[in-house]
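J.: This is the structure, below, for whatever I ask next.
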Amino acid sequence: MASDISKDEALERMRHSTAHVLAQAVTELFPGTKLGIGPAIENGFYYDFESEHKFTPEDLPVIEAKMKEIVKARHPFVRSEHDKGEAAKFFLDRGEKYKVELIGALPDEKMSYYENGGFIDLCRGPHVADTGRLKHFRLTRIAGAYWRGDEKRPMLQRVYGLAFNTKDELDAYLKQQEEAAKRDHRKIGKEMDLFSFHDDVGAGLVHWHPKGALMRVLIEDFWRSEHLKAGYDFLFTPHIGRAQLWETSGHLGFYKENMYSPMDIDGMDYYAKPMNCPFHIQVYKTHKRSYRELPLRWAELGTVYRYEKAGVLHGLMRVRGFTQDDAHIFCTPEQIEEEIVRTLKFNLHILRAFGFNDIAAYLATMPEGAVGEPARWAQATASLKKALEAENIPYSVDEGGGAFYGPKIDLKIKDAIAREWQLGTIQFDFNMSERFELSYVGSDGHEHRPYMVHRALLGSLERFYGILVEHYAGWFPLWLTPVQVKVLTLTEGQNAYGQEIRQKLVDAGIRAELDDRNEKIGLKIRETQLKKVPYMLILGANEAANGTVTVRVKSGKNIPDLKIEAVIAALLGEVKSRTAENAYS
RNA sequence: GCCGAGGUAGCUCAGCUGGUAGAGCAAUCGCUUCGUAAGCGAUAGGUCGUGGGUUCGAUUCCCAUCCUCGGCUCCA
């Protein structure tokens with residue numbers, strides 16, 4: 001292989017060539033199939049088809065077998081160039097209307113084809129020398145996909161595949177997928193009895209069970225106490241508001257698709273809130289504000305309702321009713337820089353407290369058709385950039401990618417298996433402040449428009465919780481875990497001692513349960529382990545006689561002859577440190 | 001919303017082309033008193049997601065609808 005191309009390019013080339021082989025196999029197996037596009041993607045490739053045949057998962061092994069034949073035949077990839085008109089006619093004659101459309105859209109005068117084993121595709125290339133070089137691939141699934149990603153265009157059938165340079169890499173990827181499946185918060189949520197959804201209630205509406213709710217309370221308690229320390233005040237605001245409010249805010253103009261139909265109250269329309277901002281603004285406007293009281297930092301765990309298309313709902317990650325850890329900051333232009341730095345610092349502090357240390361950011365700047373003065377955009381954007389640099393957070397800039405109402409930074413974290421999740425967001429809002437005509441009186445005695453910053457640190461509690469479950473695979477840090485200690489008695493002879501031990505733990509503020517059933521210790525351990533309780537205290541005749549406990553940790557290791565007071569001290573230390581490291585491990 | 005696959009006991013699932021359902025685990029009740037991931041037995045539990053239709057008869061076929069899953073589009 002040529003040595004002047006990078007590894008990444010070679011990998012992409014290989015994947016793209018594999019996509020061609022897929023298309024060759026499909027067109028041979030299902031004559032009449034029309035081709036869409038077939039690019040290389042992360043971890044593999046796909047090809048879009050239009051076919052009379054409805055592809056099913058059973059087809060995949062058949063197609064894959066055909067692909068292997070093609071690989072074995074070592075067809076060379078042969079490039080040729082053609083005039084645009086000629087190319088259009090060529091593909092038109094073959095009925096390849098999608099290719100014809102692509103040709104029309106391409107700026108080049110010359111079109112290139114790649115031919116392998118009689119299969120010809122419009123393609124810029126490059127490709128590997130011959131099909132024999134393609135080895136470690138696997139077809140994974142079939143999905144519908146809009147032609148050119150446009151929901152108004154026809155839906156094609158997409159076949160996805162994986163492709164890697166080596167078998168080890170393919171296996172490693174499959175293993176990673178398996179690991180991800182094991183961590184799926186929907187699965188763990190059921191196993192650990194944390195939350196549920198119900199047909200009778202509706203899609204995307206979460207029910208937190210006792211253990212999940214306890215964890216949410218712990219998260220909220222921490223969140224609140226940190227906010228007090230960080231100089232925030234709290235608000236509580238209603239869940240519904242009159243149409244007039246949403247007219248003023250503009251949501252009925254630009255956000256209506258995401259809002260639920262109004263309910264009629266005394267002949268007036270009320271809408272469930274999709275956002276908290278208009279309510280916070282009402283509080284701001286209850287009296288004339290002076291520069292002396294700014295900045296105002298108002299936080300609320302605000303539950304909002306947004307219509308999400310049925311097909312996009314996904315466990316806790318994408319729901320229809322959720323609670324944002326919202327806050328709005330109102331400040332003067334002089335304060336903005338410091339406020340942004342503070343907010344970013346605070347956000348990082350909170351994320352790290354939950355064990356997310358791999359953090360990066362996206363900075364999105366002014367788009368076309370933005371509202372608000374360019375000078376304000378410039379200042380706001382500069383303050384965001386400055387804060388990111390001050391905190392040394394790696395970030396990429398999405399030029400023109402901001403919302404029409406203001407620039408923003410989105411923070412994304414990497415979880416334990418290196419998947420990225422977007423959590424916090426810090427965004428300016430020039431729209432609301434204009435529409436509601438916010439003002440404060442400056443030291444000059446004149447009215448000025450404050451900067452309004454909207455921020456969420458965790459995003460939504462539901463989504464954050466789902467990510468937390470997957471990050472820790474259910475083995476939460478001790479301060480968050482719903483049951484910290486399970487006391488297991490060996491026989492009923494130790495039940496009184498078990499009660500005593502459990503009571504001591506509970507009195508010390510440790511969440512402990514006692515399993516004093518007449519069951520074998522093996523069963524009790526198994527059940528406790530499956531519920532992902534980090535510490536078990538095993539009490540048999542020996543422990544009872546000596547007044548000690550045996551600690552069993554998840555690895556299966558036992559630490560015998562411990563005094564309960566020493567265990568309590570160690571666990572309280574672990575809780576206090578908020579670490580994910582276990583005191584006994 | 002669109003394409004595709006599903007919804008059967010609390011959970012995980014089986015049930016070929018129509019003759020009203022089964023397993024394992026869990027639950028309950030006994031027996032067992034036991035040292036590190038499932039002790040033994042018995043019992044109970046389902047209008048087969050929901051509503052229509054076809055049929056002598058529907059979990060099975062048709063239609064509608066709700067919900068779930070994998071994608072597309074969109075997003076906290």
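Convention: chains lettered A, B, ... in structure tokens order; per-chain residue numbering from 1; ligands numbered from 1 as shown.
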Determine, using only C-alpha atoms (C1' of nucleotides), which residues of chain B have any atom at most 6 Å from an atom of chain A, and tabulate each with its shortest atom pair and distance in Å to one decimal place, rows ordered by chain and then rising number, as CSV.
T.:
```
residue,atom,partner,partner_atom,distance
B:C3,C1',A:Gly144,CA,4.0
B:U33,C1',A:Thr491,CA,5.6
B:C34,C1',A:Lys520,CA,5.8
B:U36,C1',A:Gly522,CA,5.8
B:A37,C1',A:Arg526,CA,4.1
B:A38,C1',A:Leu523,CA,5.9
B:C67,C1',A:Asp199,CA,5.3
B:G71,C1',A:Ala143,CA,4.6
B:C72,C1',A:Ala145,CA,4.3
B:U73,C1',A:Glu151,CA,5.9
B:A76,C1',A:Gly459,CA,5.0
```
J.: Please extract the residues of region 350-513 of chain A with a backbone DSSP assignment of helix (DSSP H, G or I) and present them as a ChimeraX atom specification.
T.: /A:350-353,374-390,430-435,461-472,492-507
J.: Run DSSP on the backbone and grab whatever in region 366-561 of chain A lands in strand (DSSP E); send it over as a PyMOL selection string.
T.: chain A and resi 395-398+408-414+420-428+440-441+447-448+451-460+485-489+512-515+535-539+549-553+558-561
J.: Tell me, as a VMD selection string, which residues lie within 9 Å of Tyr451 (chain A), counting only C-alpha atoms (C1' of nucleotides); anything in the same chain fewer than 2 positions away does not count.
T.: chain A and resid 329 to 333 336 376 380 428 to 430 433 449 453
J.: Hey, what's within 9 Å of Gly498 (chain A) if we count only C-alpha atoms (C1' of nucleotides) and toss same-chain stuff fewer than 5 positions away? As number ranges by chain, please?
T.: A: 487-489, 503, 514-516, 539, 544
J.: For region 18-21 of chain B, work out the shell of residues within 9 Å, counting only C-alpha atoms (C1' of nucleotides) and skipping chain neighbours fewer than 3 positions away, then give it as a PyMOL selection string.
T.: chain B and resi 8+15+46+48+57-61
J.: Write the residues of the selection above to a file with N, CA, C and O atoms (P, O5', C5', C4', C3', O3' and C1' of nucleotides), as a PDB file, in the first residue's frame.
T.:
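This went into result17.pdb:
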```pdb
ATOM      1  P     U B   8     -44.782  -8.910  26.448  1.00  0.00           P
ATOM      2  O5'   U B   8     -45.727 -10.153  26.148  1.00  0.00           O
ATOM      3  C5'   U B   8     -47.131 -10.052  26.290  1.00  0.00           C
ATOM      4  C4'   U B   8     -47.730 -11.409  26.485  1.00  0.00           C
ATOM      5  C3'   U B   8     -47.125 -12.210  27.628  1.00  0.00           C
ATOM      6  O3'   U B   8     -47.667 -11.825  28.882  1.00  0.00           O
ATOM      7  C1'   U B   8     -47.213 -13.578  25.729  1.00  0.00           C
ATOM      8  P     G B  15     -40.800 -19.778  19.348  1.00  0.00           P
ATOM      9  O5'   G B  15     -42.218 -20.398  19.728  1.00  0.00           O
ATOM     10  C5'   G B  15     -42.501 -21.774  19.475  1.00  0.00           C
ATOM     11  C4'   G B  15     -43.888 -22.096  19.949  1.00  0.00           C
ATOM     12  C3'   G B  15     -45.036 -21.393  19.222  1.00  0.00           C
ATOM     13  O3'   G B  15     -45.366 -21.997  17.990  1.00  0.00           O
ATOM     14  C1'   G B  15     -45.378 -21.232  21.539  1.00  0.00           C
ATOM     15  P     G B  46     -54.196 -14.433  36.893  1.00  0.00           P
ATOM     16  O5'   G B  46     -53.601 -14.167  35.455  1.00  0.00           O
ATOM     17  C5'   G B  46     -52.779 -13.007  35.189  1.00  0.00           C
ATOM     18  C4'   G B  46     -52.411 -12.995  33.744  1.00  0.00           C
ATOM     19  C3'   G B  46     -53.595 -13.006  32.786  1.00  0.00           C
ATOM     20  O3'   G B  46     -53.986 -11.686  32.499  1.00  0.00           O
ATOM     21  C1'   G B  46     -51.845 -14.490  32.075  1.00  0.00           C
ATOM     22  P     C B  48     -55.998 -12.136  26.053  1.00  0.00           P
ATOM     23  O5'   C B  48     -54.395 -12.167  25.909  1.00  0.00           O
ATOM     24  C5'   C B  48     -53.562 -11.183  26.565  1.00  0.00           C
ATOM     25  C4'   C B  48     -52.195 -11.342  25.979  1.00  0.00           C
ATOM     26  C3'   C B  48     -52.184 -11.032  24.484  1.00  0.00           C
ATOM     27  O3'   C B  48     -51.353  -9.976  24.163  1.00  0.00           O
ATOM     28  C1'   C B  48     -51.364 -13.260  24.934  1.00  0.00           C
ATOM     29  P     G B  57     -67.508 -17.503  15.022  1.00  0.00           P
ATOM     30  O5'   G B  57     -66.250 -18.103  15.779  1.00  0.00           O
ATOM     31  C5'   G B  57     -66.341 -18.433  17.173  1.00  0.00           C
ATOM     32  C4'   G B  57     -65.119 -19.195  17.606  1.00  0.00           C
ATOM     33  C3'   G B  57     -63.791 -18.477  17.406  1.00  0.00           C
ATOM     34  O3'   G B  57     -63.528 -17.579  18.467  1.00  0.00           O
ATOM     35  C1'   G B  57     -63.605 -20.704  16.647  1.00  0.00           C
ATOM     36  P     A B  58     -62.705 -16.246  18.188  1.00  0.00           P
ATOM     37  O5'   A B  58     -61.260 -16.775  17.769  1.00  0.00           O
ATOM     38  C5'   A B  58     -60.422 -17.475  18.697  1.00  0.00           C
ATOM     39  C4'   A B  58     -59.023 -16.897  18.658  1.00  0.00           C
ATOM     40  C3'   A B  58     -58.937 -15.452  19.141  1.00  0.00           C
ATOM     41  O3'   A B  58     -57.672 -15.237  19.758  1.00  0.00           O
ATOM     42  C1'   A B  58     -58.265 -15.559  16.893  1.00  0.00           C
ATOM     43  P     U B  59     -57.523 -15.311  21.335  1.00  0.00           P
ATOM     44  O5'   U B  59     -55.981 -14.974  21.573  1.00  0.00           O
ATOM     45  C5'   U B  59     -55.510 -13.637  21.494  1.00  0.00           C
ATOM     46  C4'   U B  59     -54.051 -13.625  21.116  1.00  0.00           C
ATOM     47  C3'   U B  59     -53.773 -13.920  19.651  1.00  0.00           C
ATOM     48  O3'   U B  59     -53.886 -12.746  18.872  1.00  0.00           O
ATOM     49  C1'   U B  59     -52.302 -15.169  21.044  1.00  0.00           C
ATOM     50  P     U B  60     -54.499 -12.789  17.441  1.00  0.00           P
ATOM     51  O5'   U B  60     -53.531 -13.758  16.617  1.00  0.00           O
ATOM     52  C5'   U B  60     -52.168 -13.385  16.370  1.00  0.00           C
ATOM     53  C4'   U B  60     -51.451 -14.538  15.715  1.00  0.00           C
ATOM     54  C3'   U B  60     -51.974 -14.890  14.325  1.00  0.00           C
ATOM     55  O3'   U B  60     -50.901 -15.055  13.418  1.00  0.00           O
ATOM     56  C1'   U B  60     -52.074 -16.791  15.759  1.00  0.00           C
ATOM     57  P     C B  61     -50.472 -13.813  12.530  1.00  0.00           P
ATOM     58  O5'   C B  61     -51.719 -13.677  11.546  1.00  0.00           O
ATOM     59  C5'   C B  61     -51.770 -14.395  10.318  1.00  0.00           C
ATOM     60  C4'   C B  61     -52.962 -13.957   9.508  1.00  0.00           C
ATOM     61  C3'   C B  61     -53.227 -12.459   9.506  1.00  0.00           C
ATOM     62  O3'   C B  61     -52.417 -11.781   8.563  1.00  0.00           O
ATOM     63  C1'   C B  61     -55.247 -13.595   9.912  1.00  0.00           C
TER      64        C B  61
END
```
J.: My list of candidates is A:Thr550, A:Gln484, A:Asn392, A:Asn276. Which is closest to Leu537 (chain A) when distances are computed with only C-alpha atoms?
T.: A:Thr550
J.: Find the residues near G24 (chain B): any atom within 12 Å, counting only C-alpha atoms (C1' of nucleotides), skip ones fewer than 3 places away on the same chain, and give them as an mmCIF file with all heavy atoms, in the first residue's frame.
T.:
```
data_model
loop_
_atom_site.group_PDB
_atom_site.id
_atom_site.type_symbol
_atom_site.label_atom_id
_atom_site.label_comp_id
_atom_site.auth_asym_id
_atom_site.auth_seq_id
_atom_site.Cartn_x
_atom_site.Cartn_y
_atom_site.Cartn_z
ATOM 1 P P C B 11 -42.692 -7.483 33.930
ATOM 2 O OP1 C B 11 -42.493 -6.146 33.330
ATOM 3 O OP2 C B 11 -43.553 -8.485 33.272
ATOM 4 O "O5'" C B 11 -41.254 -8.131 34.164
ATOM 5 C "C5'" C B 11 -40.171 -7.356 34.669
ATOM 6 C "C4'" C B 11 -38.930 -8.215 34.704
ATOM 7 O "O4'" C B 11 -39.159 -9.339 35.590
ATOM 8 C "C3'" C B 11 -38.565 -8.859 33.368
ATOM 9 O "O3'" C B 11 -37.781 -7.989 32.577
ATOM 10 C "C2'" C B 11 -37.795 -10.101 33.806
ATOM 11 O "O2'" C B 11 -36.470 -9.781 34.154
ATOM 12 C "C1'" C B 11 -38.541 -10.508 35.073
ATOM 13 N N1 C B 11 -39.591 -11.512 34.831
ATOM 14 C C2 C B 11 -39.192 -12.845 34.621
ATOM 15 O O2 C B 11 -37.990 -13.106 34.619
ATOM 16 N N3 C B 11 -40.134 -13.784 34.422
ATOM 17 C C4 C B 11 -41.433 -13.462 34.432
ATOM 18 N N4 C B 11 -42.325 -14.426 34.239
ATOM 19 C C5 C B 11 -41.859 -12.107 34.631
ATOM 20 C C6 C B 11 -40.919 -11.179 34.820
ATOM 21 P P U B 12 -37.828 -8.117 31.013
ATOM 22 O OP1 U B 12 -36.997 -7.031 30.477
ATOM 23 O OP2 U B 12 -39.240 -8.265 30.612
ATOM 24 O "O5'" U B 12 -37.090 -9.505 30.727
ATOM 25 C "C5'" U B 12 -35.688 -9.632 30.938
ATOM 26 C "C4'" U B 12 -35.253 -11.020 30.540
ATOM 27 O "O4'" U B 12 -35.814 -11.989 31.462
ATOM 28 C "C3'" U B 12 -35.758 -11.479 29.176
ATOM 29 O "O3'" U B 12 -34.952 -10.975 28.128
ATOM 30 C "C2'" U B 12 -35.677 -13.002 29.310
ATOM 31 O "O2'" U B 12 -34.362 -13.463 29.137
ATOM 32 C "C1'" U B 12 -36.094 -13.204 30.777
ATOM 33 N N1 U B 12 -37.532 -13.510 30.908
ATOM 34 C C2 U B 12 -37.910 -14.836 30.825
ATOM 35 O O2 U B 12 -37.107 -15.732 30.655
ATOM 36 N N3 U B 12 -39.248 -15.076 30.956
ATOM 37 C C4 U B 12 -40.238 -14.129 31.141
ATOM 38 O O4 U B 12 -41.408 -14.494 31.238
ATOM 39 C C5 U B 12 -39.774 -12.773 31.212
ATOM 40 C C6 U B 12 -38.463 -12.513 31.090
ATOM 41 P P C B 13 -35.570 -10.929 26.667
ATOM 42 O OP1 C B 13 -34.490 -10.515 25.763
ATOM 43 O OP2 C B 13 -36.847 -10.185 26.704
ATOM 44 O "O5'" C B 13 -35.850 -12.480 26.435
ATOM 45 C "C5'" C B 13 -36.720 -12.960 25.447
ATOM 46 C "C4'" C B 13 -36.877 -14.446 25.674
ATOM 47 O "O4'" C B 13 -37.418 -14.685 27.010
ATOM 48 C "C3'" C B 13 -37.884 -15.143 24.767
ATOM 49 O "O3'" C B 13 -37.302 -15.439 23.504
ATOM 50 C "C2'" C B 13 -38.181 -16.400 25.558
ATOM 51 O "O2'" C B 13 -37.148 -17.346 25.456
ATOM 52 C "C1'" C B 13 -38.228 -15.856 26.986
ATOM 53 N N1 C B 13 -39.595 -15.504 27.415
ATOM 54 C C2 C B 13 -40.473 -16.552 27.735
ATOM 55 O O2 C B 13 -40.070 -17.718 27.648
ATOM 56 N N3 C B 13 -41.728 -16.272 28.120
ATOM 57 C C4 C B 13 -42.130 -14.992 28.195
ATOM 58 N N4 C B 13 -43.374 -14.758 28.578
ATOM 59 C C5 C B 13 -41.256 -13.911 27.871
ATOM 60 C C6 C B 13 -40.011 -14.211 27.485
ATOM 61 P P A B 14 -38.281 -15.668 22.263
ATOM 62 O OP1 A B 14 -37.384 -15.827 21.111
ATOM 63 O OP2 A B 14 -39.323 -14.621 22.252
ATOM 64 O "O5'" A B 14 -38.985 -17.077 22.581
ATOM 65 C "C5'" A B 14 -38.199 -18.258 22.547
ATOM 66 C "C4'" A B 14 -39.026 -19.503 22.790
ATOM 67 O "O4'" A B 14 -39.635 -19.484 24.102
ATOM 68 C "C3'" A B 14 -40.225 -19.774 21.894
ATOM 69 O "O3'" A B 14 -39.866 -20.184 20.593
ATOM 70 C "C2'" A B 14 -40.878 -20.908 22.663
ATOM 71 O "O2'" A B 14 -40.174 -22.118 22.506
ATOM 72 C "C1'" A B 14 -40.712 -20.408 24.101
ATOM 73 N N9 A B 14 -41.947 -19.756 24.556
ATOM 74 C C8 A B 14 -42.219 -18.428 24.738
ATOM 75 N N7 A B 14 -43.460 -18.181 25.138
ATOM 76 C C5 A B 14 -44.033 -19.436 25.202
ATOM 77 C C6 A B 14 -45.320 -19.865 25.557
ATOM 78 N N6 A B 14 -46.310 -19.057 25.922
ATOM 79 N N1 A B 14 -45.580 -21.212 25.531
ATOM 80 C C2 A B 14 -44.591 -22.037 25.166
ATOM 81 N N3 A B 14 -43.335 -21.751 24.808
ATOM 82 C C4 A B 14 -43.127 -20.419 24.859
ATOM 83 P P A B 38 -24.123 -20.153 43.579
ATOM 84 O OP1 A B 38 -23.066 -20.723 44.427
ATOM 85 O OP2 A B 38 -24.263 -20.604 42.194
ATOM 86 O "O5'" A B 38 -25.518 -20.375 44.293
ATOM 87 C "C5'" A B 38 -26.197 -19.324 44.951
ATOM 88 C "C4'" A B 38 -27.666 -19.654 44.960
ATOM 89 O "O4'" A B 38 -28.303 -18.936 43.872
ATOM 90 C "C3'" A B 38 -28.009 -21.127 44.712
ATOM 91 O "O3'" A B 38 -29.293 -21.383 45.268
ATOM 92 C "C2'" A B 38 -28.113 -21.198 43.217
ATOM 93 O "O2'" A B 38 -28.929 -22.250 42.758
ATOM 94 C "C1'" A B 38 -28.803 -19.860 42.929
ATOM 95 N N9 A B 38 -28.525 -19.319 41.606
ATOM 96 C C8 A B 38 -27.364 -19.350 40.889
ATOM 97 N N7 A B 38 -27.443 -18.756 39.725
ATOM 98 C C5 A B 38 -28.752 -18.310 39.680
ATOM 99 C C6 A B 38 -29.479 -17.622 38.714
ATOM 100 N N6 A B 38 -28.967 -17.231 37.557
ATOM 101 N N1 A B 38 -30.770 -17.339 38.978
ATOM 102 C C2 A B 38 -31.285 -17.731 40.141
ATOM 103 N N3 A B 38 -30.703 -18.394 41.138
ATOM 104 C C4 A B 38 -29.425 -18.655 40.832
#
```
J.: Which residue out of A:Gly442, A:Pro394, A:Pro39, A:Pro374 has the minimum interatomic distance to Ala361 (chain A) when only C-alpha atoms are used?
T.: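 Result for the nearest residue to Ala361 (chain A): A:Pro394.
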J.: Residues near Ala390 (chain A), anyone? I mean within 10 Å using only C-alpha atoms (C1' of nucleotides), not counting same-chain ones fewer than 4 positions away, as number ranges by chain.
T.: A: 341, 344-345, 384-386
J.: So what do you get for CA of Glu28 (chain A) versus CA of Ile70 (chain A), distance-wise?
T.: 10.7 Å
J.: Hey, which of B:U47, B:U68, B:U54, B:U32 ends up closest to G6 (chain B)? Count only C-alpha atoms (C1' of nucleotides).
T.: B:U68
